[in-house]
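What follows is the content of my_file12.pdb, which has PDB, C-alpha atoms:
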ATOM      1  CA  MET A 202       9.459   7.824 -28.962
ATOM      2  CA  ALA A 203      11.924   9.832 -26.912
ATOM      3  CA  LEU A 204      10.202  13.102 -27.732
ATOM      4  CA  PHE A 205       6.876  11.733 -26.519
ATOM      5  CA  LEU A 206       8.392  10.468 -23.302
ATOM      6  CA  LEU A 207      10.107  13.759 -22.643
ATOM      7  CA  SER A 208       6.775  15.579 -23.041
ATOM      8  CA  TYR A 209       5.239  13.747 -20.069
ATOM      9  CA  ARG A 210       5.964  16.543 -17.637
ATOM     10  CA  THR A 211       4.895  19.508 -19.708
ATOM     11  CA  MET A 212       1.660  21.347 -18.935
ATOM     12  CA  ARG A 213      -1.233  19.098 -19.954
ATOM     13  CA  ILE A 214      -4.359  20.386 -21.747
ATOM     14  CA  PRO A 215      -7.775  18.786 -22.534
ATOM     15  CA  GLU A 216      -6.771  18.134 -26.154
ATOM     16  CA  ASP A 217      -3.834  15.921 -25.146
ATOM     17  CA  ILE A 218      -3.863  12.152 -25.639
ATOM     18  CA  CYS A 219      -4.017   9.790 -22.650
ATOM     19  CA  LEU A 220      -0.470   8.973 -21.556
ATOM     20  CA  LEU A 221      -1.329   5.336 -20.848
ATOM     21  CA  CYS A 222      -3.343   4.061 -23.830
ATOM     22  CA  ARG A 223      -2.168   6.799 -26.262
ATOM     23  CA  THR A 224      -5.473   6.428 -28.078
ATOM     24  CA  ASN A 225      -8.195   8.413 -26.311
ATOM     25  CA  ARG A 226      -8.306  12.013 -25.212
ATOM     26  CA  ALA A 227      -6.999  12.572 -21.693
ATOM     27  CA  ASP A 228     -10.346  13.865 -20.438
ATOM     28  CA  LYS A 229      -9.993  12.876 -16.763
ATOM     29  CA  THR A 230      -9.445  15.660 -14.254
ATOM     30  CA  ASN A 231      -8.474  15.458 -10.592
ATOM     31  CA  SER A 232      -6.700  12.120 -10.929
ATOM     32  CA  HIS A 233      -4.895  11.154  -7.739
ATOM     33  CA  VAL A 234      -1.193  10.496  -8.265
ATOM     34  CA  ILE A 235      -1.055   8.196  -5.237
ATOM     35  CA  PRO A 236      -4.262   6.137  -4.858
ATOM     36  CA  ASN A 237      -6.750   8.012  -2.706
ATOM     37  CA  PHE A 238      -7.341   5.186  -0.213
ATOM     38  CA  MET A 239      -3.618   5.245   0.632
ATOM     39  CA  THR A 240      -3.523   8.953   1.401
ATOM     40  CA  LYS A 241      -6.945   9.845   2.809
ATOM     41  CA  GLY A 242      -5.681   9.143   6.341
ATOM     42  CA  LEU A 243      -3.144  11.960   5.952
ATOM     43  CA  VAL A 244      -5.727  14.685   6.568
ATOM     44  CA  MET A 245      -8.833  15.030   8.697
ATOM     45  CA  THR A 246     -12.274  15.372   7.185
ATOM     46  CA  GLY A 247     -14.558  18.332   6.598
ATOM     47  CA  GLU A 248     -13.381  21.832   7.465
ATOM     48  CA  GLN A 249     -10.495  20.443   9.517
ATOM     49  CA  ALA A 250      -8.930  18.691   6.518
ATOM     50  CA  ARG A 251      -5.382  19.945   6.237
ATOM     51  CA  ALA A 252      -1.989  18.680   5.145
ATOM     52  CA  TYR A 253       1.299  20.268   4.107
ATOM     53  CA  THR A 254       3.775  19.599   1.331
ATOM     54  CA  PHE A 255       7.508  20.152   1.750
ATOM     55  CA  SER A 256      10.649  19.918  -0.305
ATOM     56  CA  THR A 257      14.172  20.297   1.041
ATOM     57  CA  ASP A 258      14.933  23.073  -1.446
ATOM     58  CA  THR A 259      11.802  25.178  -0.851
ATOM     59  CA  VAL A 260      11.770  25.544   2.932
ATOM     60  CA  ASP A 261      12.456  29.266   2.542
ATOM     61  CA  LYS A 262       8.964  29.670   1.063
ATOM     62  CA  ARG A 263       5.714  29.620   3.025
ATOM     63  CA  THR A 264       3.824  26.353   2.670
ATOM     64  CA  LYS A 265       0.093  26.568   2.118
ATOM     65  CA  PRO A 266      -2.143  23.815   3.515
ATOM     66  CA  VAL A 267      -3.836  21.392   1.131
ATOM     67  CA  GLN A 268      -7.014  19.394   1.730
ATOM     68  CA  THR A 269      -6.182  16.319  -0.302
ATOM     69  CA  SER A 270      -3.191  14.490  -1.733
ATOM     70  CA  ASP A 271      -1.766  15.408  -5.136
ATOM     71  CA  LYS A 272      -4.076  15.387  -8.155
ATOM     72  CA  GLU A 273      -3.365  16.110 -11.811
ATOM     73  CA  ASP A 274      -5.537  16.848 -14.852
ATOM     74  CA  TYR A 275      -5.474  15.393 -18.377
ATOM     75  CA  ILE A 276      -3.055  12.530 -17.692
ATOM     76  CA  LEU A 277      -5.545   9.714 -18.279
ATOM     77  CA  CYS A 278      -8.703   9.062 -20.237
ATOM     78  CA  THR A 279     -11.840   7.944 -18.402
ATOM     79  CA  GLY A 280     -11.284   4.306 -19.406
ATOM     80  CA  CYS A 281      -7.704   4.122 -18.131
ATOM     81  CA  GLU A 282      -8.719   5.876 -14.901
ATOM     82  CA  SER A 283     -11.376   3.172 -14.434
ATOM     83  CA  TYR A 284      -8.743   0.486 -15.063
ATOM     84  CA  PHE A 285      -6.556   1.886 -12.289
ATOM     85  CA  GLY A 286      -9.647   2.041 -10.078
ATOM     86  CA  VAL A 287     -10.207  -1.695 -10.584
ATOM     87  CA  LEU A 288      -6.587  -2.432  -9.591
ATOM     88  CA  GLU A 289      -6.996  -0.285  -6.488
ATOM     89  CA  THR A 290     -10.253  -2.005  -5.518
ATOM     90  CA  LEU A 291      -8.591  -5.413  -5.766
ATOM     91  CA  PHE A 292      -5.694  -4.259  -3.592
ATOM     92  CA  CYS A 293      -8.103  -2.857  -0.988
ATOM     93  CA  ASN A 294     -10.300  -5.951  -0.915
ATOM     94  CA  LYS A 295      -7.491  -8.528  -0.955
ATOM     95  CA  LEU A 296      -4.819  -6.834   1.169
ATOM     96  CA  HIS A 297      -5.377  -3.333   2.548
ATOM     97  CA  ASN A 298      -8.548  -4.115   4.500
ATOM     98  CA  PRO A 299      -8.107  -7.828   5.408
ATOM     99  CA  ILE A 300      -4.526  -7.514   6.710
ATOM    100  CA  VAL A 301      -5.653  -5.440   9.721
ATOM    101  CA  ASP A 302      -8.751  -7.583  10.397
ATOM    102  CA  VAL A 303      -7.822 -10.480  12.693
ATOM    103  CA  ARG A 304     -10.936 -12.342  11.547
ATOM    104  CA  LYS A 305      -9.444 -12.567   8.059
ATOM    105  CA  HIS A 306      -5.862 -13.486   8.926
ATOM    106  CA  ASP A 307      -6.452 -17.053   7.811
ATOM    107  CA  GLN A 308      -6.520 -15.691   4.246
ATOM    108  CA  PHE A 309      -2.757 -15.258   4.467
ATOM    109  CA  GLU A 310       0.226 -17.476   5.205
ATOM    110  CA  TRP A 311       2.253 -16.138   8.164
ATOM    111  CA  ASN A 312       5.945 -16.928   8.711
ATOM    112  CA  GLU A 313       8.571 -15.693  11.162
ATOM    113  CA  GLN A 314      11.979 -15.388   9.531
ATOM    114  CA  GLN A 315      15.100 -13.744  10.931
ATOM    115  CA  GLY A 316      13.151 -11.670  13.437
ATOM    116  CA  GLN A 317      10.563 -10.365  10.996
ATOM    117  CA  THR A 318       7.070 -11.436   9.955
ATOM    118  CA  LEU A 319       6.574 -12.377   6.319
ATOM    119  CA  VAL A 320       3.050 -12.707   4.960
ATOM    120  CA  THR A 321       2.440 -14.639   1.738
ATOM    121  CA  LEU A 322      -0.543 -13.342  -0.226
ATOM    122  CA  SER A 323      -1.731 -16.708  -1.445
ATOM    123  CA  GLY A 324      -5.313 -15.554  -2.022
ATOM    124  CA  TYR A 325      -4.418 -12.553  -4.177
ATOM    125  CA  ASN A 326      -3.493 -12.886  -7.845
ATOM    126  CA  SER A 327       0.164 -11.856  -7.940
ATOM    127  CA  LEU A 328      -0.209 -10.379 -11.431
ATOM    128  CA  ALA A 329      -2.916  -7.994 -10.217
ATOM    129  CA  PHE A 330      -0.660  -7.027  -7.285
ATOM    130  CA  ARG A 331       2.257  -6.199  -9.572
ATOM    131  CA  LEU A 332      -0.004  -4.259 -11.944
ATOM    132  CA  PHE A 333      -1.155  -2.135  -8.998
ATOM    133  CA  LEU A 334       2.415  -1.308  -7.959
ATOM    134  CA  ALA A 335       3.360  -0.637 -11.594
ATOM    135  CA  SER A 336       0.495   1.859 -11.816
ATOM    136  CA  ILE A 337       1.883   3.796  -8.829
ATOM    137  CA  LEU A 338       5.455   3.867 -10.159
ATOM    138  CA  TRP A 339       4.247   4.891 -13.619
ATOM    139  CA  ARG A 340       2.024   7.701 -12.311
ATOM    140  CA  CYS A 341       4.816   9.072 -10.119
ATOM    141  CA  ALA A 342       7.141   9.083 -13.139
ATOM    142  CA  VAL A 343       4.778  10.913 -15.540
ATOM    143  CA  CYS A 344       2.985  13.369 -13.261
ATOM    144  CA  ASN A 345       4.272  16.824 -12.391
ATOM    145  CA  THR A 346       2.769  17.640  -8.997
ATOM    146  CA  HIS A 347       4.701  19.006  -6.031
ATOM    147  CA  THR A 348       5.174  15.604  -4.416
ATOM    148  CA  VAL A 349       6.474  13.709  -7.450
ATOM    149  CA  HIS A 350       8.005  16.268  -9.824
ATOM    150  CA  ARG A 351      11.511  15.142  -8.839
ATOM    151  CA  PHE A 352      10.728  11.442  -8.962
ATOM    152  CA  THR A 353      12.598  10.190 -12.023
ATOM    153  CA  LEU A 354      12.898   6.974 -13.987
ATOM    154  CA  LYS A 355      14.602   6.359 -17.302
ATOM    155  CA  ASP A 356      12.430   6.833 -20.387
ATOM    156  CA  GLU A 357      12.751   3.179 -21.348
ATOM    157  CA  THR A 358      11.674   2.151 -17.835
ATOM    158  CA  VAL A 359       8.586   4.379 -17.980
ATOM    159  CA  GLU A 360       7.688   2.845 -21.341
ATOM    160  CA  ALA A 361       8.226  -0.692 -20.036
ATOM    161  CA  LEU A 362       5.840   0.032 -17.153
ATOM    162  CA  ARG A 363       3.268   1.448 -19.569
ATOM    163  CA  LEU A 364       3.432  -1.595 -21.837
ATOM    164  CA  SER A 365       3.057  -3.945 -18.866
ATOM    165  CA  LEU A 366      -0.031  -2.059 -17.712
ATOM    166  CA  MET A 367      -1.554  -2.026 -21.199
ATOM    167  CA  GLU A 368      -1.372  -5.822 -21.505
ATOM    168  CA  CYS A 369      -4.249  -6.093 -19.029
ATOM    169  CA  ASN A 370      -6.119  -2.817 -19.524
ATOM    170  CA  LYS A 371      -9.690  -3.672 -18.553
ATOM    171  CA  GLN A 372     -12.207  -1.273 -17.022
ATOM    172  CA  LYS A 373     -14.442  -3.847 -15.295
ATOM    173  CA  MET A 374     -13.561  -6.201 -12.441
ATOM    174  CA  ASN A 375     -14.796  -9.377 -14.125
ATOM    175  CA  ASP A 376     -13.011  -8.520 -17.388
ATOM    176  CA  LEU A 377      -9.745  -7.948 -15.542
ATOM    177  CA  ARG A 378     -10.058 -11.188 -13.589
ATOM    178  CA  GLU A 379     -10.668 -13.048 -16.822
ATOM    179  CA  VAL A 380      -7.645 -11.613 -18.615
ATOM    180  CA  ILE A 381      -5.200 -12.179 -15.714
ATOM    181  CA  GLU A 382      -6.383 -15.691 -14.873
ATOM    182  CA  GLY A 383      -3.400 -17.968 -15.545
ATOM    183  CA  LYS A 384      -1.518 -15.196 -17.365
ATOM    184  CA  LYS A 385       2.230 -14.858 -16.768
ATOM    185  CA  MET A 386       4.205 -11.651 -17.291
ATOM    186  CA  ALA A 387       7.650 -10.328 -16.475
ATOM    187  CA  PHE A 388       7.696  -6.835 -14.992
ATOM    188  CA  PRO A 389      10.692  -4.466 -15.159
ATOM    189  CA  PHE A 390      11.127  -4.224 -11.388
ATOM    190  CA  HIS A 391      11.776  -6.160  -8.181
ATOM    191  CA  PHE A 392      10.275  -4.891  -4.955
ATOM    192  CA  ASP A 393       9.575  -5.097  -1.248
ATOM    193  CA  LEU A 394       6.348  -3.840   0.298
ATOM    194  CA  SER A 395       6.190  -3.321   4.057
ATOM    195  CA  THR A 396       3.294  -2.326   6.290
ATOM    196  CA  ILE A 397       2.083  -2.390   9.901
ATOM    197  CA  LEU A 398      -1.001  -3.752  11.620
ATOM    198  CA  GLU A 399      -1.342  -0.884  14.129
ATOM    199  CA  ARG A 400      -2.233   1.827  11.618
ATOM    200  CA  ALA A 401      -4.094   3.975  14.124
ATOM    201  CA  HIS A 402      -1.083   4.209  16.439
ATOM    202  CA  THR A 403       1.650   5.589  14.206
ATOM    203  CA  ILE A 404       3.179   8.857  15.391
ATOM    204  CA  GLY A 405       2.966  10.531  11.994
ATOM    205  CA  LYS A 406       1.316  10.181   8.631
ATOM    206  CA  ILE A 407       3.454  11.014   5.609
ATOM    207  CA  VAL A 408       3.947  10.391   1.938
ATOM    208  CA  PHE A 409       7.656  10.596   1.234
ATOM    209  CA  MET A 410       9.289  10.350  -2.188
ATOM    210  CA  HIS A 411      12.958   9.519  -2.541
ATOM    211  CA  PRO A 412      13.957  10.772  -6.018
ATOM    212  CA  ASN A 413      16.661   8.639  -7.539
ATOM    213  CA  ALA A 414      17.772   8.532 -11.166
ATOM    214  CA  ASP A 415      19.727   5.336 -10.543
ATOM    215  CA  GLU A 416      16.583   3.267 -11.041
ATOM    216  CA  GLU A 417      16.148   2.194  -7.471
ATOM    217  CA  GLY A 418      14.765   3.812  -4.376
ATOM    218  CA  PHE A 419      11.839   3.844  -2.003
ATOM    219  CA  MET A 420       8.646   5.704  -1.231
ATOM    220  CA  VAL A 421       6.582   5.926   1.946
ATOM    221  CA  LEU A 422       2.897   5.694   1.076
ATOM    222  CA  ASN A 423       1.298   6.453   4.419
ATOM    223  CA  ASP A 424       0.795   2.899   5.746
ATOM    224  CA  TYR A 425       3.212   1.276   3.273
ATOM    225  CA  ILE A 426       6.853   1.486   2.312
ATOM    226  CA  LEU A 427       7.614   0.420  -1.246
ATOM    227  CA  THR A 428      11.227  -0.345  -2.142
ATOM    228  CA  TYR A 429      11.885  -0.898  -5.849
ATOM    229  CA  GLN A 430      14.820  -1.867  -8.083
ATOM    230  CA  PHE A 431      14.943  -1.848 -11.854
ATOM    231  CA  HIS A 432      18.533  -3.079 -12.231
ATOM    232  CA  ALA A 433      18.877  -6.453 -13.893
ATOM    233  CA  ASP A 434      22.502  -6.628 -12.730
ATOM    234  CA  THR A 435      22.483  -7.205  -8.954
ATOM    235  CA  ARG A 436      26.065  -5.899  -8.716
ATOM    236  CA  LEU A 437      24.666  -2.390  -9.319
ATOM    237  CA  HIS A 438      22.244  -2.516  -6.398
ATOM    238  CA  LYS A 439      22.828  -0.009  -3.617
ATOM    239  CA  ILE A 440      20.084  -1.377  -1.370
ATOM    240  CA  ASN A 441      19.279  -4.895  -0.251
ATOM    241  CA  GLU A 442      18.001  -7.411  -2.766
ATOM    242  CA  PRO A 443      14.161  -7.341  -2.634
ATOM    243  CA  ILE A 444      12.320 -10.537  -1.780
ATOM    244  CA  ASN A 445       9.748 -10.168  -4.598
ATOM    245  CA  THR A 446      10.954 -10.751  -8.139
ATOM    246  CA  SER A 447       9.532  -9.428 -11.402
ATOM    247  CA  SER A 448       7.776 -12.700 -12.248
ATOM    248  CA  SER A 449       3.998 -12.476 -11.978
ATOM    249  CA  ASP A 450       3.553 -16.184 -11.303
ATOM    250  CA  ASN A 451       5.482 -16.006  -8.032
ATOM    251  CA  ALA A 452       3.438 -15.434  -4.881
ATOM    252  CA  VAL A 453       3.878 -11.962  -3.379
ATOM    253  CA  ILE A 454       5.403 -11.680   0.111
ATOM    254  CA  LEU A 455       4.588  -8.732   2.363
ATOM    255  CA  LYS A 456       6.802  -7.604   5.245
ATOM    256  CA  LEU A 457       5.153  -6.674   8.558
ATOM    257  CA  VAL A 458       7.063  -4.100  10.592
ATOM    258  CA  PRO A 459       6.511  -3.723  14.384
ATOM    259  CA  ILE A 460       5.002  -0.378  15.421
ATOM    260  CA  GLU A 461       8.145   0.725  17.277
ATOM    261  CA  ALA A 462      10.359   0.072  14.264
ATOM    262  CA  TRP A 463       7.859   1.762  11.954
ATOM    263  CA  ASN A 464       7.785   4.943  14.025
ATOM    264  CA  GLN A 465      11.591   4.905  14.151
ATOM    265  CA  ILE A 466      11.709   4.727  10.346
ATOM    266  CA  LEU A 467       9.450   7.782  10.088
ATOM    267  CA  ASP A 468      11.494   9.656  12.697
ATOM    268  CA  ASN A 469      14.721   8.914  10.827
ATOM    269  CA  LEU A 470      13.190  10.167   7.573
ATOM    270  CA  LYS A 471      12.078  13.400   9.214
ATOM    271  CA  ILE A 472      15.546  13.951  10.682
ATOM    272  CA  LYS A 473      17.135  13.248   7.306
ATOM    273  CA  PHE A 474      14.770  15.711   5.639
ATOM    274  CA  ALA A 475      15.361  18.406   8.262
ATOM    275  CA  THR A 476      19.140  18.016   8.030
ATOM    276  CA  LYS A 477      19.101  18.382   4.265
ATOM    277  CA  ALA A 478      16.720  21.352   4.431
ATOM    278  CA  LYS A 479      18.949  23.072   7.005
ATOM    279  CA  SER A 480      21.958  22.519   4.754
ATOM    280  CA  TYR A 481      20.071  24.134   1.853
ATOM    281  CA  LEU A 482      19.182  27.211   3.913
ATOM    282  CA  GLU A 483      22.765  27.642   5.105
ATOM    283  CA  ARG A 484      24.205  27.171   1.626
ATOM    284  CA  GLU A 485      21.764  29.623   0.033
ATOM    285  CA  LYS A 486      21.907  32.050   3.007
ATOM    286  CA  LYS A 487      18.131  31.915   3.352
ATOM    287  CA  GLU A 488      15.762  31.698   6.308
ATOM    288  CA  TYR A 489      13.104  29.134   7.106
ATOM    289  CA  ALA A 490       9.526  30.257   6.366
ATOM    290  CA  PRO A 491       7.048  28.826   8.904
ATOM    291  CA  MET A 492       3.894  27.053   7.799
ATOM    292  CA  VAL A 493       0.758  29.110   7.280
ATOM    293  CA  LYS A 494      -1.594  28.617  10.236
TER     294      LYS A 494
END
Kindly transcribe the structure held in the file into structure tokens.
Amino acid sequence: MALFLLSYRTMRIPEDICLLCRTNRADKTNSHVIPNFMTKGLVMTGEQARAYTFSTDTVDKRTKPVQTSDKEDYILCTGCESYFGVLETLFCNKLHNPIVDVRKHDQFEWNEQQGQTLVTLSGYNSLAFRLFLASILWRCAVCNTHTVHRFTLKDETVEALRLSLMECNKQKMNDLREVIEGKKMAFPFHFDLSTILERAHTIGKIVFMHPNADEEGFMVLNDYILTYQFHADTRLHKINEPINTSSSDNAVILKLVPIEAWNQILDNLKIKFATKAKSYLEREKKEYAPMVK
């Protein structure tokens, strides 16, 4: 088991077995690590499409522009890729699109609590929601692209995520709905998910990974911030206790962040990144390499 888990981040080839089902050949190429609908707003379209990837320990090297978010080959089989596509479609239809459409706000329960807006997703199967988040965490842990190669989880955590995902592995929407109807599961993580309503007015679009081997951390996914914790013992937590537990029969609560606070979060992350990158250059006696125009 350990040897298989440790082989996740080796170079993958067409003859390899799918890392999720471990049954079929991993024949799918160009699989997005972060769901495409979450990252397509990062770059423009057509010939103007351009984005940049950075790491605090590679700022001495020139960064080439990319035209899409990270993709990887031979991680999944076609069936498991379709399964993840179904989870993504549900998330888009039940949350991502309706939450910014005022005509559909009656689909959610809105509450003001301690100066923040909490939205209960009463019309969205909470098991499907947790499966979607599990698919993101699992992909980030097993893929080896520039954005996620330093994102780490313990081997047993990666396997627990995989087993949770496999309990409901269906490639068609109706089949998935049937298998999750009334089903209860315990996931290996607690979480918060925050977003904003004013997506078009943010001052910057980023995907930001916070690598942390302590089994808790956060990631900025363009219009979302996901905070996760895998510790069962709350005394080990370094960040605040998340409001969503691992139980799939509990309704999911989403946090809405005001646009000013959201932009401040992004600014703080950029400053933190720049400070760490500057420290690396000074320590290694290297010089910053500007982006390629």
Quiz prompt | Using only C-alpha atoms: which of A:Leu362, A:Leu457, A:Leu338, A:Leu296 has the shortest distance to Trp311 of chain A | solution =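 Of the candidates, the smallest distance to Trp311 of chain A is held by A:Leu457.
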Quiz item: Near Thr240 of chain A, within 7 Å and counting only C-alpha atoms, which residues show up once chain neighbours fewer than 4 positions away are dropped, as an MDAnalysis selection string?
Solution: chainID A and resid 236 270 423
Restricting it to C-alpha atoms, dump the selection as a compact mmCIF listing (two decimals), in the frame of the given file.
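Okay, part.txt is ready:
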# COMPACT_ATOMS: atom_id res chain seq x y z
CA PRO A 236 -4.26 6.14 -4.86
CA SER A 270 -3.19 14.49 -1.73
CA ASN A 423 1.30 6.45 4.42
Quiz item: Near Ala475 of chain A, counting all atoms listed in the file, which residues have an atom at most 12 Å away, once you skip same-chain residues fewer than 6 positions from it, shown as an NGL selection string?
Solution: :A and (255-260 or 468-469 or 481-482 or 489)
Practice problem: Could you tell me which of A:Val303, A:Ala252, A:Met239, A:Cys278 comes closest to Pro266 of chain A if we count only C-alpha atoms? | Solution: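 Checking each of A:Val303, A:Ala252, A:Met239, A:Cys278 against Pro266 of chain A, counting only C-alpha atoms, the winner is A:Ala252.
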Could you give me the centre and size, in Å to one decimal, of an axis-aligned box around all listed atoms of segment 320-331 of chain A with 4 Å added on every side, as JSON?
{"center_x": -1.1, "center_y": -11.5, "center_z": -3.2, "size_x": 16.4, "size_y": 18.5, "size_z": 24.4}
Practice problem: Considering all atoms listed in the file, return as number ranges by chain whatever protein or nucleic-acid residues lie within 8 Å of segment 442-449 of chain A, sequence-local ones (same chain, fewer than 5 positions apart) excluded. | Solution: A: 327-328, 331, 385-393, 428-430, 435, 454
Quiz item: So which residues get picked by the PyMOL selection byres ((chain A and resi 216) around 10) here, written as a ChimeraX atom specification?
Solution: /A:213-215,217-219,225-228,275
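Interatomic distance, atom CA of Thr403 of chain A to atom CA of Ser480 of chain A: 28.1 Å.
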Practice problem: Compile the contact shell of Leu322 of chain A as a VMD selection string: residues with an atom at most 12 Å away, counting only C-alpha atoms, same-chain residues fewer than 5 positions apart removed. | Solution: chain A and resid 292 295 to 297 299 to 300 306 to 312 327 to 330 394 445 451 to 456
Practice problem: Check the smallest atom-to-atom distance from each of A:Ile426, A:Leu319, A:Ile235, A:Met367 to Ser395 of chain A using only C-alpha atoms, then report the winner. | Solution: A:Ile426
Self-check item: Neighbour list for Thr254 of chain A as a VMD selection string, cut-off 8 Å, all atoms listed in the file, skip fewer than 3 positions in-chain
Solution: chain A and resid 264 to 267 347 to 348
Practice problem: Please return, as a ChimeraX atom specification, all polymer residues that have at least one atom within 9 Å of the point (-9.4, -0.2, -11.7); use all atoms listed in the file and the file's own coordinate frame. | Solution: /A:281-291,333,370-374,377
Quiz item: So which one's closest to Ala335 of chain A, A:Asp261, A:Glu360, A:Asp302, A:Asp424? Using only C-alpha atoms, please.
Solution: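 Checking each candidate against Ala335 of chain A, we get A:Glu360 as the closest.
Counting only C-alpha atoms, the residue from A:Asp450, A:Val408, A:Lys262, A:Trp339 that sits nearest to Lys471 of chain A is A:Val408.
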Practice problem: Please indicate the distance in Å from atom CA of Met410 of chain A to atom CA of Thr353 of chain A, rounded to one decimal place. | Solution: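 We find that atom CA of Met410 of chain A and atom CA of Thr353 of chain A lie 10.4 Å from each other.
Here atom CA of Asn298 of chain A and atom CA of Thr396 of chain A stand 12.1 Å from one another.
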Quiz item: Can you tell me, as a ChimeraX atom specification, which residues sit within 10 Å of (0.7, 8.3, 6.8) in the file's frame, using only C-alpha atoms?
Solution: /A:239-244,400-401,403-409,421-425,467
Quiz prompt | Closest of A:Val458, A:Leu221, A:Cys369, A:Met420 to Leu470 of chain A - atom-to-atom distances counting all atoms listed in the file | solution =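 Closest to Leu470 of chain A, using all atoms listed in the file: A:Met420.
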